file structure_12.cif (mmCIF, C-alpha atoms)
data_upload
#
loop_
_atom_site.label_atom_id
_atom_site.label_comp_id
_atom_site.auth_asym_id
_atom_site.auth_seq_id
_atom_site.Cartn_x
_atom_site.Cartn_y
_atom_site.Cartn_z
CA MET A 1 16.00 12.95 1.45
CA SER A 2 17.27 16.44 1.97
CA GLY A 3 14.29 17.20 4.18
CA SER A 4 11.05 15.73 5.37
CA PRO A 5 7.99 16.28 3.15
CA TYR A 6 6.15 17.24 6.33
CA HIS A 7 8.48 20.04 7.41
CA GLY A 8 6.46 22.93 8.77
CA ARG A 9 3.16 21.03 8.57
CA VAL A 10 3.40 18.29 11.18
CA GLU A 11 4.39 18.67 14.78
CA ARG A 12 4.72 16.10 17.53
CA ARG A 13 2.25 16.53 20.36
CA PRO A 14 3.24 15.69 23.95
CA GLY A 15 2.26 12.10 24.60
CA SER A 16 1.75 11.30 20.91
CA ARG A 17 4.12 9.36 18.71
CA ALA A 18 2.96 10.83 15.41
CA GLY A 19 1.00 14.05 15.84
CA THR A 20 -1.19 15.77 13.26
CA ARG A 21 -1.03 18.94 11.23
CA ALA A 22 -0.26 21.88 13.43
CA GLY A 23 -3.37 23.86 14.33
CA ASN A 24 -5.49 22.06 11.76
CA ARG A 25 -7.66 19.01 11.29
CA PRO A 26 -5.78 15.92 10.12
CA PRO A 27 -6.33 14.84 6.54
CA VAL A 28 -8.48 11.76 6.00
CA ALA A 29 -7.32 8.61 4.21
CA LEU A 30 -9.44 5.61 3.23
CA THR A 31 -8.29 2.01 3.07
CA ILE A 32 -10.33 -0.50 1.10
CA ALA A 33 -8.98 -3.87 2.17
CA GLY A 34 -9.47 -7.10 4.06
CA SER A 35 -9.25 -7.73 7.78
CA ASP A 36 -6.26 -9.63 9.20
CA SER A 37 -7.23 -11.19 12.52
CA GLY A 38 -3.53 -11.39 13.39
CA GLY A 39 -3.24 -7.61 13.12
CA GLY A 40 -0.11 -7.46 10.98
CA ALA A 41 -1.57 -6.78 7.53
CA GLY A 42 -4.73 -5.58 5.85
CA ILE A 43 -7.03 -3.03 7.42
CA GLN A 44 -5.26 -3.31 10.76
CA ALA A 45 -1.82 -2.50 9.34
CA ASP A 46 -3.23 0.32 7.23
CA LEU A 47 -4.97 2.06 10.13
CA LYS A 48 -1.89 1.76 12.34
CA THR A 49 0.20 3.27 9.57
CA PHE A 50 -2.24 6.12 8.93
CA HIS A 51 -2.27 6.97 12.64
CA GLN A 52 1.51 6.95 12.90
CA TRP A 53 1.78 9.35 9.96
CA GLY A 54 -0.71 11.78 11.50
CA VAL A 55 -3.58 10.92 9.14
CA PHE A 56 -7.14 10.06 10.20
CA GLY A 57 -7.89 6.57 8.91
CA THR A 58 -11.23 5.35 7.59
CA SER A 59 -11.98 1.93 6.13
CA ALA A 60 -14.14 -0.17 3.85
CA LEU A 61 -13.85 -3.86 4.66
CA THR A 62 -13.67 -6.20 1.65
CA ALA A 63 -13.14 -9.56 3.37
CA VAL A 64 -12.85 -11.16 6.78
CA THR A 65 -9.93 -13.56 7.13
CA ALA A 66 -8.91 -16.00 9.81
CA GLN A 67 -5.20 -15.30 9.69
CA ASN A 68 -2.07 -15.27 11.82
CA THR A 69 1.68 -15.28 11.25
CA LEU A 70 1.52 -18.91 10.08
CA GLY A 71 -0.97 -18.37 7.25
CA VAL A 72 -4.55 -17.80 6.19
CA GLN A 73 -7.03 -20.33 7.53
CA ALA A 74 -10.29 -18.93 6.12
CA ILE A 75 -11.56 -16.11 3.89
CA HIS A 76 -15.08 -14.70 3.83
CA PRO A 77 -15.60 -11.95 1.20
CA VAL A 78 -17.94 -9.09 2.10
CA PRO A 79 -20.91 -8.67 -0.27
CA PRO A 80 -20.04 -6.10 -2.97
CA ALA A 81 -23.13 -4.00 -2.16
CA THR A 82 -21.92 -3.67 1.43
CA ILE A 83 -18.45 -2.66 0.25
CA ALA A 84 -19.97 0.01 -1.99
CA ALA A 85 -22.11 1.26 0.91
CA GLN A 86 -19.05 1.57 3.18
CA ILE A 87 -17.16 3.62 0.59
CA ARG A 88 -20.20 5.82 0.01
CA SER A 89 -20.60 6.44 3.75
CA VAL A 90 -17.00 7.60 4.05
CA ALA A 91 -17.01 9.66 0.85
CA ASP A 92 -20.25 11.46 1.76
CA ASP A 93 -19.21 12.55 5.25
CA LEU A 94 -15.42 12.17 5.55
CA PRO A 95 -14.11 12.81 2.03
CA PRO A 96 -10.64 11.26 1.87
CA ALA A 97 -7.61 13.14 0.61
CA ALA A 98 -6.13 9.79 -0.44
CA VAL A 99 -7.33 6.22 -0.79
CA LYS A 100 -5.62 2.85 -1.04
CA SER A 101 -6.89 -0.60 -1.85
CA GLY A 102 -5.47 -3.94 -0.77
CA MET A 103 -7.10 -7.36 -0.72
CA LEU A 104 -10.12 -7.39 -3.05
CA ALA A 105 -10.58 -11.19 -3.34
CA THR A 106 -12.90 -11.43 -6.39
CA ALA A 107 -13.43 -9.86 -9.80
CA HIS A 108 -16.87 -8.64 -8.69
CA ILE A 109 -15.33 -6.80 -5.74
CA VAL A 110 -12.62 -5.34 -8.00
CA ARG A 111 -15.23 -3.91 -10.35
CA THR A 112 -17.30 -2.63 -7.41
CA VAL A 113 -14.29 -0.73 -6.04
CA ALA A 114 -13.46 0.68 -9.48
CA ASP A 115 -17.04 1.92 -9.89
CA ALA A 116 -16.93 3.54 -6.43
CA ILE A 117 -13.62 5.29 -7.07
CA ARG A 118 -14.99 6.76 -10.28
CA SER A 119 -18.44 7.68 -9.00
CA HIS A 120 -17.13 9.40 -5.85
CA ARG A 121 -14.18 10.93 -7.73
CA LEU A 122 -11.71 9.63 -5.15
CA ARG A 123 -8.25 11.05 -5.70
CA ASN A 124 -4.69 10.03 -4.86
CA TYR A 125 -5.50 6.35 -5.32
CA VAL A 126 -2.77 3.89 -4.29
CA LEU A 127 -3.38 0.43 -5.77
CA ASP A 128 -1.70 -2.40 -3.87
CA PRO A 129 -2.67 -5.38 -6.08
CA VAL A 130 -2.71 -7.93 -3.27
CA MET A 131 -2.70 -11.38 -4.82
CA VAL A 132 -0.68 -13.67 -2.55
CA ALA A 133 0.03 -13.39 1.18
CA THR A 134 3.56 -13.52 2.59
CA SER A 135 2.72 -17.06 3.73
CA GLY A 136 1.99 -18.06 0.12
CA ASP A 137 -1.79 -18.21 0.51
CA THR A 138 -3.79 -16.94 -2.48
CA LEU A 139 -5.81 -13.79 -1.71
CA LEU A 140 -7.15 -12.98 -5.18
CA GLU A 141 -9.08 -15.29 -7.48
CA ARG A 142 -7.24 -15.98 -10.73
CA ASP A 143 -9.97 -14.43 -12.91
CA ALA A 144 -9.73 -11.20 -10.91
CA VAL A 145 -6.18 -10.43 -12.12
CA ALA A 146 -7.51 -9.20 -15.47
CA ALA A 147 -10.10 -7.08 -13.66
CA VAL A 148 -7.35 -5.41 -11.60
CA ARG A 149 -5.37 -4.71 -14.76
CA ASP A 150 -8.30 -3.44 -16.81
CA ALA A 151 -10.49 -1.70 -14.21
CA LEU A 152 -8.13 -0.43 -11.49
CA LEU A 153 -4.76 0.32 -13.09
CA PRO A 154 -6.22 3.18 -15.20
CA LEU A 155 -7.51 4.81 -12.01
CA ALA A 156 -4.29 4.51 -10.00
CA THR A 157 -2.09 7.42 -9.02
CA ILE A 158 0.44 4.70 -8.24
CA ALA A 159 0.41 0.90 -8.22
CA THR A 160 2.70 -0.96 -5.81
CA PRO A 161 3.06 -4.58 -6.99
CA ASN A 162 5.71 -6.90 -5.67
CA TRP A 163 7.61 -8.85 -8.31
CA PRO A 164 5.27 -11.89 -8.46
CA GLU A 165 2.29 -9.52 -8.79
CA ALA A 166 4.06 -7.54 -11.50
CA VAL A 167 4.64 -10.80 -13.41
CA LEU A 168 0.93 -11.65 -13.21
CA LEU A 169 -0.09 -8.17 -14.33
CA THR A 170 2.35 -7.87 -17.23
CA GLY A 171 3.64 -11.29 -18.25
CA VAL A 172 7.24 -10.07 -17.87
CA THR A 173 9.27 -12.84 -16.21
CA GLU A 174 12.86 -11.58 -16.38
CA ALA A 175 13.72 -11.31 -12.68
CA THR A 176 16.33 -8.56 -13.00
CA PRO A 177 16.32 -4.77 -12.72
CA ARG A 178 15.93 -4.71 -16.51
CA GLY A 179 12.87 -6.95 -16.23
CA MET A 180 11.48 -4.77 -13.46
CA ALA A 181 11.87 -1.75 -15.72
CA ARG A 182 10.00 -3.53 -18.53
CA ALA A 183 7.19 -4.48 -16.16
CA ALA A 184 7.03 -0.93 -14.82
CA ARG A 185 6.70 0.50 -18.32
CA ALA A 186 3.92 -1.98 -19.10
CA ILE A 187 1.99 -1.00 -15.98
CA VAL A 188 2.27 2.71 -16.78
CA ASP A 189 1.27 1.98 -20.36
CA ALA A 190 -1.80 0.16 -18.97
CA GLY A 191 -2.96 3.43 -17.43
CA ALA A 192 -1.38 3.87 -14.00
CA GLU A 193 0.16 7.31 -13.48
CA ALA A 194 3.12 5.71 -11.71
CA VAL A 195 4.31 2.38 -10.34
CA LEU A 196 6.65 1.09 -7.66
CA VAL A 197 7.75 -2.46 -8.51
CA LYS A 198 9.03 -3.99 -5.28
CA GLY A 199 11.99 -6.33 -5.55
CA GLY A 200 12.00 -7.96 -2.14
CA HIS A 201 11.09 -11.34 -3.65
CA LEU A 202 14.18 -11.34 -5.86
CA GLY A 203 17.37 -12.89 -4.54
CA GLY A 204 20.59 -11.27 -3.44
CA ASP A 205 21.96 -9.26 -0.55
CA GLU A 206 20.47 -6.03 -1.89
CA VAL A 207 16.77 -5.17 -2.29
CA VAL A 208 15.95 -3.03 -5.31
CA ASP A 209 12.60 -1.28 -5.75
CA LEU A 210 11.91 0.49 -9.05
CA PHE A 211 9.77 3.65 -9.29
CA ARG A 212 8.52 4.92 -12.61
CA ASP A 213 6.11 7.65 -13.60
CA GLY A 214 5.45 9.22 -16.97
CA GLU A 215 8.66 11.23 -16.85
CA SER A 216 11.36 9.44 -14.91
CA GLU A 217 12.61 6.20 -13.41
CA ARG A 218 14.39 5.69 -10.11
CA LEU A 219 15.86 2.76 -8.21
CA PHE A 220 15.70 2.50 -4.43
CA ARG A 221 18.49 0.25 -3.17
CA GLY A 222 19.16 -1.05 0.32
CA PRO A 223 20.83 -4.01 2.02
CA ARG A 224 18.48 -6.92 2.60
CA ILE A 225 17.31 -7.19 6.20
CA ARG A 226 17.57 -10.87 7.06
CA THR A 227 14.39 -11.56 8.98
CA ARG A 228 11.28 -13.72 8.79
CA HIS A 229 9.18 -10.87 10.19
CA THR A 230 7.85 -9.39 6.96
CA HIS A 231 4.10 -9.91 7.31
CA GLY A 232 2.17 -6.93 5.97
CA THR A 233 5.06 -5.16 4.24
CA GLY A 234 3.05 -4.41 1.09
CA CYS A 235 0.02 -3.18 3.00
CA THR A 236 2.18 -1.01 5.23
CA LEU A 237 4.18 0.54 2.38
CA SER A 238 1.11 1.40 0.29
CA ALA A 239 -0.63 2.88 3.34
CA ALA A 240 2.42 5.04 4.07
CA ILE A 241 2.43 6.32 0.48
CA ALA A 242 -1.29 7.09 0.75
CA ALA A 243 -0.68 8.93 4.02
CA GLY A 244 2.01 11.03 2.38
CA LEU A 245 -0.29 11.91 -0.49
CA ALA A 246 -3.07 12.79 1.96
CA LEU A 247 -0.66 15.19 3.64
CA GLY A 248 -0.01 16.92 0.33
CA THR A 249 3.41 15.45 -0.38
CA PRO A 250 4.36 15.14 -4.08
CA LEU A 251 4.31 11.51 -5.19
CA PRO A 252 8.07 10.90 -5.67
CA GLU A 253 8.83 12.31 -2.21
CA ALA A 254 5.95 10.34 -0.66
CA VAL A 255 7.34 7.12 -2.14
CA GLU A 256 10.88 7.90 -0.97
CA ALA A 257 9.72 8.63 2.58
CA ALA A 258 7.52 5.52 2.69
CA VAL A 259 10.30 3.21 1.47
CA ALA A 260 12.71 4.58 4.09
CA TRP A 261 10.11 4.24 6.86
CA LEU A 262 9.24 0.67 5.86
CA ARG A 263 12.87 -0.37 6.23
CA LYS A 264 12.84 0.98 9.77
CA ALA A 265 9.59 -0.85 10.49
CA ILE A 266 11.06 -4.14 9.25
CA ALA A 267 14.28 -3.66 11.20
CA GLY A 268 12.30 -2.91 14.37
CA ALA A 269 9.89 -5.85 14.07
CA PRO A 270 8.78 -6.95 17.56
CA GLY A 271 9.31 -10.66 16.92
CA LEU A 272 5.71 -11.73 17.48
CA GLY A 273 4.27 -15.05 16.30
CA SER A 274 5.79 -18.33 15.17
CA GLY A 275 5.79 -17.56 11.43
CA HIS A 276 6.09 -14.39 9.36
CA GLY A 277 5.66 -11.85 12.14
CA PRO A 278 4.38 -8.26 11.92
CA LEU A 279 6.42 -5.09 11.55
CA ASP A 280 6.88 -2.26 14.04
CA HIS A 281 4.21 0.19 12.90
CA PHE A 282 5.23 2.61 15.65
CA VAL A 283 8.69 3.61 14.46
CA ASP A 284 9.10 7.35 13.91
CA VAL A 285 8.13 8.77 10.54
CA PRO A 286 10.73 10.76 8.56
CA ARG A 287 11.62 14.10 10.13
CA PRO A 288 13.76 16.98 8.85
#
call {"tool": "encode", "arguments": {"input": "structure_12.cif", "output": "structure tokens"}}
result
Amino acid sequence: MSGSPYHGRVERRPGSRAGTRAGNRPPVALTIAGSDSGGGAGIQADLKTFHQWGVFGTSALTAVTAQNTLGVQAIHPVPPATIAAQIRSVADDLPPAAVKSGMLATAHIVRTVADAIRSHRLRNYVLDPVMVATSGDTLLERDAVAAVRDALLPLATIATPNWPEAVLLTGVTEATPRGMARAARAIVDAGAEAVLVKGGHLGGDEVVDLFRDGESERLFRGPRIRTRHTHGTGCTLSAAIAAGLALGTPLPEAVEAAVAWLRKAIAGAPGLGSGHGPLDHFVDVPRP
């Protein structure tokens, strides 16, 4: 980037790693996602990310998981009425400037979240269609995939599927940049304003992520960071994009800044746990 999207609007406070808008209240962001008891993904990763980017984080819990770096041991979905009540509580008193969703678990929860986004007119919606954990554990019931495609994609400012999720959403199976472009077009055609198809699951020494909106297409390329500490990458990236949008950053610049920051967070992973460990959510955000 030629400059930070936060230039002139964010300053670092003494004793704070992120800071907030200078002389103003921080913008509010809402995460609608599951809880990760290991702290590396889900609500926990989202709130850490919001804080680091100088955004006040609020949450609506969709599921409680027993989870660590080795996998998911148990999942308990939150009743849809309780999820709707959480979103209403935030929207009524702390209206978010951006919202993201992660783990939604069931088709009923997916439809509940879609209804809430529409009824409260929530804007700058980042859809992370969480379907499978880094460990391989399934986090979305099979019949909920169609609900995500039909009910949530048309509401999304941007969707951020990884390649396996993009395959499930579109049926495109060609695991190449050309296939990613086809999947991206299909997701935009399904109603999303934009999409970032993440290529970390594809092989090779280079990771390619593909961004597409209604007007342009762009590839983000970077050398693969050889590490097993990648737990919560999708949650963290989508939360960083939402934080950028909450701060008023145009979408393409918010995506660019989030992708660059995620690479730093992966590279700085603290090495915790015996499996897929968490990232470093406390690396500096992009600065001019």
call {"tool": "closest_residue", "arguments": {"input": "structure_12.cif", "among": "A:Val72, A:Ala29, A:Leu210, A:Leu47", "to": "Leu94 (chain A)", "atoms": "all atoms listed in the file"}}
result
A:Ala29
call {"tool": "resolve_selection", "arguments": {"input": "structure_12.cif", "expression": "the PyMOL selection byres ((chain A and resi 148) around 12)", "output": "PyMOL selection string"}}
result
chain A and resi 101-114+127-131+140-147+149-156+159+161+165-166+168-170+187+190-192
call {"tool": "residues_around", "arguments": {"input": "structure_12.cif", "residues": "Ala60 (chain A)", "least_positions_apart": "5", "cutoff": "6 Å", "atoms": "only C-alpha atoms", "output": "tab-separated table (two decimals) with C-alpha atoms, in the coordinates of the input"}}
result
chain	number	residue	atom	x	y	z
A	32	ILE	CA	-10.33	-0.50	1.10
A	86	GLN	CA	-19.05	1.57	3.18
A	87	ILE	CA	-17.16	3.62	0.59
call {"tool": "resolve_selection", "arguments": {"input": "structure_12.cif", "expression": "the PyMOL selection byres ((chain A and resi 213) around 8)", "output": "ChimeraX atom specification"}}
result
/A:188,193-195,211-212,214-217
call {"tool": "atom_distance", "arguments": {"input": "structure_12.cif", "atom1": "CA of Asp92 (chain A)", "atom2": "CA of His51 (chain A)"}}
result
21.5 Å
call {"tool": "atom_distance", "arguments": {"input": "structure_12.cif", "atom1": "CA of Ser59 (chain A)", "atom2": "CA of Gly200 (chain A)"}}
result
27.2 Å
call {"tool": "resolve_selection", "arguments": {"input": "structure_12.cif", "expression": "the PyMOL selection byres ((chain A and resi 270-277) around 7)", "output": "list in words"}}
result
Thr69, Leu70, Arg228, His229, Thr230, His231, Gly268, Ala269, Pro278, Leu279 and Asp280 of chain A
call {"tool": "atom_distance", "arguments": {"input": "structure_12.cif", "atom1": "CA of Gln67 (chain A)", "atom2": "CA of Gly199 (chain A)"}}
result
24.7 Å
call {"tool": "decode", "arguments": {"input": "structure_12.cif", "residues": "region 221-241 of chain A", "atoms": "N, CA, C and O atoms", "output": "JSON list (two decimals), in the first residue's frame"}}
result
[["chain", "number", "residue", "atom", "x", "y", "z"],
["A", 221, "ARG", "N", -0.55, -12.12, -3.74],
["A", 221, "ARG", "CA", 0.42, -13.21, -3.75],
["A", 221, "ARG", "C", 1.45, -13.01, -2.65],
["A", 221, "ARG", "O", 1.86, -11.89, -2.36],
["A", 222, "GLY", "N", 1.87, -14.13, -2.05],
["A", 222, "GLY", "CA", 2.91, -14.05, -1.04],
["A", 222, "GLY", "C", 3.51, -15.42, -0.81],
["A", 222, "GLY", "O", 2.85, -16.44, -1.02],
["A", 223, "PRO", "N", 4.78, -15.48, -0.42],
["A", 223, "PRO", "CA", 5.40, -16.79, -0.16],
["A", 223, "PRO", "C", 4.70, -17.50, 0.99],
["A", 223, "PRO", "O", 4.27, -16.87, 1.96],
["A", 224, "ARG", "N", 4.54, -18.79, 0.86],
["A", 224, "ARG", "CA", 3.90, -19.57, 1.91],
["A", 224, "ARG", "C", 4.76, -19.58, 3.17],
["A", 224, "ARG", "O", 5.97, -19.80, 3.11],
["A", 225, "ILE", "N", 4.15, -19.30, 4.30],
["A", 225, "ILE", "CA", 4.83, -19.37, 5.58],
["A", 225, "ILE", "C", 4.68, -20.78, 6.10],
["A", 225, "ILE", "O", 3.57, -21.23, 6.39],
["A", 226, "ARG", "N", 5.77, -21.51, 6.19],
["A", 226, "ARG", "CA", 5.72, -22.92, 6.59],
["A", 226, "ARG", "C", 5.58, -23.00, 8.10],
["A", 226, "ARG", "O", 6.52, -22.82, 8.87],
["A", 227, "THR", "N", 4.37, -23.25, 8.54],
["A", 227, "THR", "CA", 4.10, -23.32, 9.97],
["A", 227, "THR", "C", 2.83, -24.14, 10.20],
["A", 227, "THR", "O", 1.95, -24.19, 9.33],
["A", 228, "ARG", "N", 2.73, -24.78, 11.35],
["A", 228, "ARG", "CA", 1.49, -25.45, 11.72],
["A", 228, "ARG", "C", 0.59, -24.53, 12.53],
["A", 228, "ARG", "O", -0.53, -24.90, 12.86],
["A", 229, "HIS", "N", 1.05, -23.34, 12.84],
["A", 229, "HIS", "CA", 0.28, -22.42, 13.69],
["A", 229, "HIS", "C", -0.59, -21.52, 12.82],
["A", 229, "HIS", "O", -0.26, -20.36, 12.55],
["A", 230, "THR", "N", -1.73, -22.08, 12.41],
["A", 230, "THR", "CA", -2.65, -21.36, 11.51],
["A", 230, "THR", "C", -4.08, -21.40, 12.03],
["A", 230, "THR", "O", -5.02, -21.12, 11.28],
["A", 231, "HIS", "N", -4.25, -21.71, 13.31],
["A", 231, "HIS", "CA", -5.60, -21.79, 13.87],
["A", 231, "HIS", "C", -6.22, -20.40, 13.94],
["A", 231, "HIS", "O", -5.63, -19.46, 14.46],
["A", 232, "GLY", "N", -7.42, -20.26, 13.36],
["A", 232, "GLY", "CA", -8.12, -18.98, 13.43],
["A", 232, "GLY", "C", -7.76, -17.99, 12.35],
["A", 232, "GLY", "O", -8.13, -16.81, 12.46],
["A", 233, "THR", "N", -7.09, -18.43, 11.28],
["A", 233, "THR", "CA", -6.70, -17.48, 10.24],
["A", 233, "THR", "C", -7.92, -16.84, 9.57],
["A", 233, "THR", "O", -7.94, -15.63, 9.32],
["A", 234, "GLY", "N", -8.93, -17.67, 9.25],
["A", 234, "GLY", "CA", -10.11, -17.13, 8.58],
["A", 234, "GLY", "C", -10.89, -16.16, 9.45],
["A", 234, "GLY", "O", -11.33, -15.10, 8.98],
["A", 235, "CYS", "N", -11.05, -16.52, 10.73],
["A", 235, "CYS", "CA", -11.74, -15.62, 11.66],
["A", 235, "CYS", "C", -11.00, -14.29, 11.77],
["A", 235, "CYS", "O", -11.60, -13.21, 11.73],
["A", 236, "THR", "N", -9.69, -14.39, 11.92],
["A", 236, "THR", "CA", -8.86, -13.20, 12.13],
["A", 236, "THR", "C", -8.88, -12.29, 10.92],
["A", 236, "THR", "O", -9.01, -11.06, 11.04],
["A", 237, "LEU", "N", -8.76, -12.87, 9.72],
["A", 237, "LEU", "CA", -8.77, -12.06, 8.50],
["A", 237, "LEU", "C", -10.11, -11.35, 8.32],
["A", 237, "LEU", "O", -10.15, -10.14, 8.04],
["A", 238, "SER", "N", -11.21, -12.07, 8.48],
["A", 238, "SER", "CA", -12.52, -11.44, 8.28],
["A", 238, "SER", "C", -12.79, -10.37, 9.33],
["A", 238, "SER", "O", -13.40, -9.33, 9.04],
["A", 239, "ALA", "N", -12.31, -10.59, 10.56],
["A", 239, "ALA", "CA", -12.46, -9.57, 11.60],
["A", 239, "ALA", "C", -11.65, -8.32, 11.27],
["A", 239, "ALA", "O", -12.09, -7.20, 11.52],
["A", 240, "ALA", "N", -10.46, -8.51, 10.71],
["A", 240, "ALA", "CA", -9.63, -7.36, 10.34],
["A", 240, "ALA", "C", -10.28, -6.57, 9.20],
["A", 240, "ALA", "O", -10.23, -5.34, 9.19],
["A", 241, "ILE", "N", -10.89, -7.26, 8.25],
["A", 241, "ILE", "CA", -11.60, -6.56, 7.18],
["A", 241, "ILE", "C", -12.77, -5.77, 7.76],
["A", 241, "ILE", "O", -12.99, -4.60, 7.41]]
